[in-house]
Amino acid sequence: MSRMQLMPSGERQILVTRAFGLTPRQLYRAHVEPALIRQWVLGPPGWSMPVCICEARAGGHMRFEWLSELGKGFYLTGEFIEVVPDIRIVHVERMHLPEPTPDNHIETSFEPNGGETLLRMRMSLPDTRARDRLLVTGMASGMELSYERLAGLPIS
């Protein structure tokens, strides 16, 4: 299983790739089922997700709220554009830190790859400045911690 790779792509995009020892179905479910999302989309230790709304269908909404053990928090909102079970998810999301960040258009695919599944996530931001700001936020370390949790989940 490979570690996550995160790199700029073009002027406005970030490309994230990572292989998982899960089937495309299992990896897709981990991205759309609130009970599974709450177990792995947490970032650093000490954070929880008390609110997880994920209506994984075209036109559906999402809202994830995180809370630290110190009582600090932030949240994410978004809308699904396209959902093809086990294959592809397209959505728009924005973080509220407390002010909302620019919309981040995200396309995620789940591709079988020699006994593993390759996750490819392409994030498209409004401009180079927004892309670069996201790259320096520590996003990579938080994502990899979350992906490590996901890789260890027992998903049937």
# chains A, B, ... in the order shown; residues from 1 in each chain; ligands from 1

$ closest_atom_pairs --of "region 19-43 of chain A" --to "region 73-94 of chain A" --cutoff "8 Å" --atoms "only C-alpha atoms" --output "tab-separated table"
residue	atom	partner	partner_atom	distance
A:Pro24	CA	A:Asp86	CA	5.3
A:Arg25	CA	A:Asp86	CA	4.7
A:Gln26	CA	A:Asp86	CA	7.9
A:Leu27	CA	A:Asp86	CA	7.6
A:Tyr28	CA	A:Asp86	CA	5.1
A:Arg29	CA	A:Asp86	CA	7.7

$ select_by_dssp --residues "chain A" --states "alpha helix (DSSP H)" --output "MDAnalysis selection string"
chainID A and resid 24:32 34:40 128:135 139:151

$ write_last_selection --atoms "C-alpha atoms" --output "compact mmCIF listing (two decimals), in the first residue's frame"
# COMPACT_ATOMS: atom_id res chain seq x y z
CA PRO A 24 -13.53 0.07 -4.91
CA ARG A 25 -16.89 -0.68 -3.20
CA GLN A 26 -15.35 -0.54 0.28
CA LEU A 27 -13.45 2.66 -0.47
CA TYR A 28 -16.54 4.30 -1.97
CA ARG A 29 -18.64 3.33 1.09
CA ALA A 30 -16.00 4.84 3.38
CA HIS A 31 -16.50 8.14 1.54
CA VAL A 32 -20.32 8.23 1.65
CA PRO A 34 -21.65 8.69 7.82
CA ALA A 35 -20.92 5.84 10.28
CA LEU A 36 -17.69 5.08 8.39
CA ILE A 37 -16.73 8.73 7.67
CA ARG A 38 -16.86 9.51 11.41
CA GLN A 39 -14.25 6.82 12.06
CA TRP A 40 -11.53 8.09 9.74
CA THR A 128 -3.42 29.80 -7.87
CA ARG A 129 -3.44 31.78 -4.63
CA ALA A 130 -6.29 29.68 -3.16
CA ARG A 131 -4.53 26.50 -4.30
CA ASP A 132 -1.23 27.54 -2.72
CA ARG A 133 -2.95 28.62 0.52
CA LEU A 134 -4.50 25.17 0.81
CA LEU A 135 -1.16 23.46 0.19
CA MET A 139 -3.61 19.60 4.82
CA ALA A 140 -1.23 16.83 3.72
CA SER A 141 -0.39 15.63 7.23
CA GLY A 142 -4.03 15.68 8.33
CA MET A 143 -5.13 13.83 5.21
CA GLU A 144 -2.47 11.15 5.57
CA LEU A 145 -3.40 10.59 9.24
CA SER A 146 -7.01 10.16 8.16
CA TYR A 147 -6.05 7.86 5.28
CA GLU A 148 -3.98 5.71 7.65
CA ARG A 149 -7.10 5.30 9.81
CA LEU A 150 -9.14 4.44 6.72
CA ALA A 151 -6.61 1.82 5.59

$ select_by_dssp --residues "chain A" --states "strand (DSSP E)" --output "PyMOL selection string"
chain A and resi 5-9+13-20+47-54+61-68+73-84+88-96+104-113+116-124

$ atom_distance --atom1 "CA of Gly59 (chain A)" --atom2 "CA of Glu107 (chain A)"
15.0 Å

$ closest_residue --among "A:Ser48, A:Ser156, A:Ser109, A:Ser124" --to "Gly10 (chain A)" --atoms "only C-alpha atoms"
A:Ser124

$ closest_residue --among "A:Pro102, A:Ile155, A:Ala58, A:Thr117" --to "Glu33 (chain A)" --atoms "only C-alpha atoms"
A:Ile155

$ decode --residues "region 5-120 of chain A" --atoms "C-alpha atoms" --output "PDB file, in the first residue's frame"
ATOM      1  CA  GLN A   5       0.989  11.734  -2.847  1.00  0.00           C
ATOM      2  CA  LEU A   6      -0.206  15.324  -2.994  1.00  0.00           C
ATOM      3  CA  MET A   7       1.024  17.682  -5.694  1.00  0.00           C
ATOM      4  CA  PRO A   8       0.013  20.857  -7.494  1.00  0.00           C
ATOM      5  CA  SER A   9      -1.386  20.285 -10.971  1.00  0.00           C
ATOM      6  CA  GLY A  10      -1.688  23.225 -13.312  1.00  0.00           C
ATOM      7  CA  GLU A  11      -2.427  26.671 -11.939  1.00  0.00           C
ATOM      8  CA  ARG A  12      -5.520  25.860  -9.867  1.00  0.00           C
ATOM      9  CA  GLN A  13      -5.501  22.172  -9.028  1.00  0.00           C
ATOM     10  CA  ILE A  14      -4.159  19.736  -6.465  1.00  0.00           C
ATOM     11  CA  LEU A  15      -3.900  16.042  -7.276  1.00  0.00           C
ATOM     12  CA  VAL A  16      -4.025  13.502  -4.437  1.00  0.00           C
ATOM     13  CA  THR A  17      -3.361   9.802  -5.032  1.00  0.00           C
ATOM     14  CA  ARG A  18      -3.131   6.869  -2.652  1.00  0.00           C
ATOM     15  CA  ALA A  19      -3.533   3.111  -2.951  1.00  0.00           C
ATOM     16  CA  PHE A  20      -5.620   1.163  -0.421  1.00  0.00           C
ATOM     17  CA  GLY A  21      -5.937  -2.549   0.258  1.00  0.00           C
ATOM     18  CA  LEU A  22      -9.726  -2.188  -0.097  1.00  0.00           C
ATOM     19  CA  THR A  23     -12.082  -2.873  -2.968  1.00  0.00           C
ATOM     20  CA  PRO A  24     -13.533   0.065  -4.908  1.00  0.00           C
ATOM     21  CA  ARG A  25     -16.885  -0.681  -3.202  1.00  0.00           C
ATOM     22  CA  GLN A  26     -15.353  -0.535   0.279  1.00  0.00           C
ATOM     23  CA  LEU A  27     -13.448   2.661  -0.470  1.00  0.00           C
ATOM     24  CA  TYR A  28     -16.542   4.299  -1.967  1.00  0.00           C
ATOM     25  CA  ARG A  29     -18.635   3.327   1.090  1.00  0.00           C
ATOM     26  CA  ALA A  30     -15.995   4.841   3.379  1.00  0.00           C
ATOM     27  CA  HIS A  31     -16.505   8.144   1.544  1.00  0.00           C
ATOM     28  CA  VAL A  32     -20.320   8.230   1.646  1.00  0.00           C
ATOM     29  CA  GLU A  33     -21.555   6.400   4.761  1.00  0.00           C
ATOM     30  CA  PRO A  34     -21.652   8.689   7.824  1.00  0.00           C
ATOM     31  CA  ALA A  35     -20.915   5.842  10.281  1.00  0.00           C
ATOM     32  CA  LEU A  36     -17.686   5.080   8.390  1.00  0.00           C
ATOM     33  CA  ILE A  37     -16.731   8.732   7.675  1.00  0.00           C
ATOM     34  CA  ARG A  38     -16.864   9.508  11.405  1.00  0.00           C
ATOM     35  CA  GLN A  39     -14.251   6.821  12.059  1.00  0.00           C
ATOM     36  CA  TRP A  40     -11.533   8.088   9.740  1.00  0.00           C
ATOM     37  CA  VAL A  41     -12.015  11.729   8.609  1.00  0.00           C
ATOM     38  CA  LEU A  42     -10.552  13.163  11.802  1.00  0.00           C
ATOM     39  CA  GLY A  43      -7.073  14.539  11.181  1.00  0.00           C
ATOM     40  CA  PRO A  44      -4.825  14.793  14.282  1.00  0.00           C
ATOM     41  CA  PRO A  45      -5.567  12.843  17.496  1.00  0.00           C
ATOM     42  CA  GLY A  46      -8.002  14.502  19.880  1.00  0.00           C
ATOM     43  CA  TRP A  47     -10.602  15.473  17.290  1.00  0.00           C
ATOM     44  CA  SER A  48     -14.103  14.052  16.865  1.00  0.00           C
ATOM     45  CA  MET A  49     -16.888  14.526  14.323  1.00  0.00           C
ATOM     46  CA  PRO A  50     -20.135  15.108  16.264  1.00  0.00           C
ATOM     47  CA  VAL A  51     -22.078  16.021  13.089  1.00  0.00           C
ATOM     48  CA  CYS A  52     -21.791  14.072   9.837  1.00  0.00           C
ATOM     49  CA  ILE A  53     -24.434  14.603   7.178  1.00  0.00           C
ATOM     50  CA  CYS A  54     -23.678  13.010   3.830  1.00  0.00           C
ATOM     51  CA  GLU A  55     -26.480  12.804   1.239  1.00  0.00           C
ATOM     52  CA  ALA A  56     -24.439  11.090  -1.481  1.00  0.00           C
ATOM     53  CA  ARG A  57     -26.588  11.735  -4.555  1.00  0.00           C
ATOM     54  CA  ALA A  58     -26.638  14.413  -7.228  1.00  0.00           C
ATOM     55  CA  GLY A  59     -28.036  17.514  -5.525  1.00  0.00           C
ATOM     56  CA  GLY A  60     -27.437  16.089  -2.034  1.00  0.00           C
ATOM     57  CA  HIS A  61     -25.704  18.061   0.708  1.00  0.00           C
ATOM     58  CA  MET A  62     -22.907  17.393   3.154  1.00  0.00           C
ATOM     59  CA  ARG A  63     -21.990  18.924   6.478  1.00  0.00           C
ATOM     60  CA  PHE A  64     -19.133  17.675   8.634  1.00  0.00           C
ATOM     61  CA  GLU A  65     -18.421  19.308  12.004  1.00  0.00           C
ATOM     62  CA  TRP A  66     -15.190  18.678  13.906  1.00  0.00           C
ATOM     63  CA  LEU A  67     -14.555  19.355  17.584  1.00  0.00           C
ATOM     64  CA  SER A  68     -11.240  19.180  19.440  1.00  0.00           C
ATOM     65  CA  GLU A  69     -10.913  17.873  22.962  1.00  0.00           C
ATOM     66  CA  LEU A  70     -10.194  21.523  23.900  1.00  0.00           C
ATOM     67  CA  GLY A  71     -13.614  22.609  22.609  1.00  0.00           C
ATOM     68  CA  LYS A  72     -12.419  24.279  19.395  1.00  0.00           C
ATOM     69  CA  GLY A  73     -14.112  23.420  16.157  1.00  0.00           C
ATOM     70  CA  PHE A  74     -14.785  24.095  12.496  1.00  0.00           C
ATOM     71  CA  TYR A  75     -17.030  22.671   9.817  1.00  0.00           C
ATOM     72  CA  LEU A  76     -17.354  21.872   6.128  1.00  0.00           C
ATOM     73  CA  THR A  77     -20.380  22.250   3.872  1.00  0.00           C
ATOM     74  CA  GLY A  78     -20.868  21.089   0.324  1.00  0.00           C
ATOM     75  CA  GLU A  79     -23.063  19.758  -2.427  1.00  0.00           C
ATOM     76  CA  PHE A  80     -22.823  16.621  -4.557  1.00  0.00           C
ATOM     77  CA  ILE A  81     -22.816  17.117  -8.325  1.00  0.00           C
ATOM     78  CA  GLU A  82     -22.387  13.524  -9.517  1.00  0.00           C
ATOM     79  CA  VAL A  83     -22.267  10.192  -7.707  1.00  0.00           C
ATOM     80  CA  VAL A  84     -21.508   6.928  -9.535  1.00  0.00           C
ATOM     81  CA  PRO A  85     -21.382   4.243  -6.819  1.00  0.00           C
ATOM     82  CA  ASP A  86     -18.026   2.467  -6.495  1.00  0.00           C
ATOM     83  CA  ILE A  87     -16.502   4.558  -9.319  1.00  0.00           C
ATOM     84  CA  ARG A  88     -16.679   8.341  -8.910  1.00  0.00           C
ATOM     85  CA  ILE A  89     -17.849  11.201  -6.687  1.00  0.00           C
ATOM     86  CA  VAL A  90     -17.924  14.844  -7.789  1.00  0.00           C
ATOM     87  CA  HIS A  91     -18.752  17.498  -5.219  1.00  0.00           C
ATOM     88  CA  VAL A  92     -18.077  21.073  -4.145  1.00  0.00           C
ATOM     89  CA  GLU A  93     -16.998  21.834  -0.601  1.00  0.00           C
ATOM     90  CA  ARG A  94     -15.989  24.793   1.512  1.00  0.00           C
ATOM     91  CA  MET A  95     -14.398  24.891   4.947  1.00  0.00           C
ATOM     92  CA  HIS A  96     -15.712  27.315   7.569  1.00  0.00           C
ATOM     93  CA  LEU A  97     -12.769  28.372   9.755  1.00  0.00           C
ATOM     94  CA  PRO A  98     -14.979  30.408  10.788  1.00  0.00           C
ATOM     95  CA  GLU A  99     -15.117  32.309   7.465  1.00  0.00           C
ATOM     96  CA  PRO A 100     -15.813  30.112   4.438  1.00  0.00           C
ATOM     97  CA  THR A 101     -12.925  29.260   2.153  1.00  0.00           C
ATOM     98  CA  PRO A 102     -13.392  29.502  -1.628  1.00  0.00           C
ATOM     99  CA  ASP A 103     -15.325  26.634  -3.198  1.00  0.00           C
ATOM    100  CA  ASN A 104     -13.191  23.578  -3.816  1.00  0.00           C
ATOM    101  CA  HIS A 105     -14.491  21.432  -6.717  1.00  0.00           C
ATOM    102  CA  ILE A 106     -13.442  17.824  -6.047  1.00  0.00           C
ATOM    103  CA  GLU A 107     -13.512  14.779  -8.306  1.00  0.00           C
ATOM    104  CA  THR A 108     -12.677  11.491  -6.581  1.00  0.00           C
ATOM    105  CA  SER A 109     -12.323   8.167  -8.399  1.00  0.00           C
ATOM    106  CA  PHE A 110     -11.827   4.622  -7.129  1.00  0.00           C
ATOM    107  CA  GLU A 111      -9.841   2.524  -9.618  1.00  0.00           C
ATOM    108  CA  PRO A 112      -9.008  -1.191  -9.252  1.00  0.00           C
ATOM    109  CA  ASN A 113      -5.242  -1.612  -9.457  1.00  0.00           C
ATOM    110  CA  GLY A 114      -3.709  -5.073  -9.045  1.00  0.00           C
ATOM    111  CA  GLY A 115      -5.471  -6.179  -5.863  1.00  0.00           C
ATOM    112  CA  GLU A 116      -5.656  -2.665  -4.442  1.00  0.00           C
ATOM    113  CA  THR A 117      -7.771   0.359  -5.223  1.00  0.00           C
ATOM    114  CA  LEU A 118      -6.191   3.598  -6.348  1.00  0.00           C
ATOM    115  CA  LEU A 119      -7.897   6.708  -5.027  1.00  0.00           C
ATOM    116  CA  ARG A 120      -7.433   9.745  -7.278  1.00  0.00           C
TER     117      ARG A 120
END
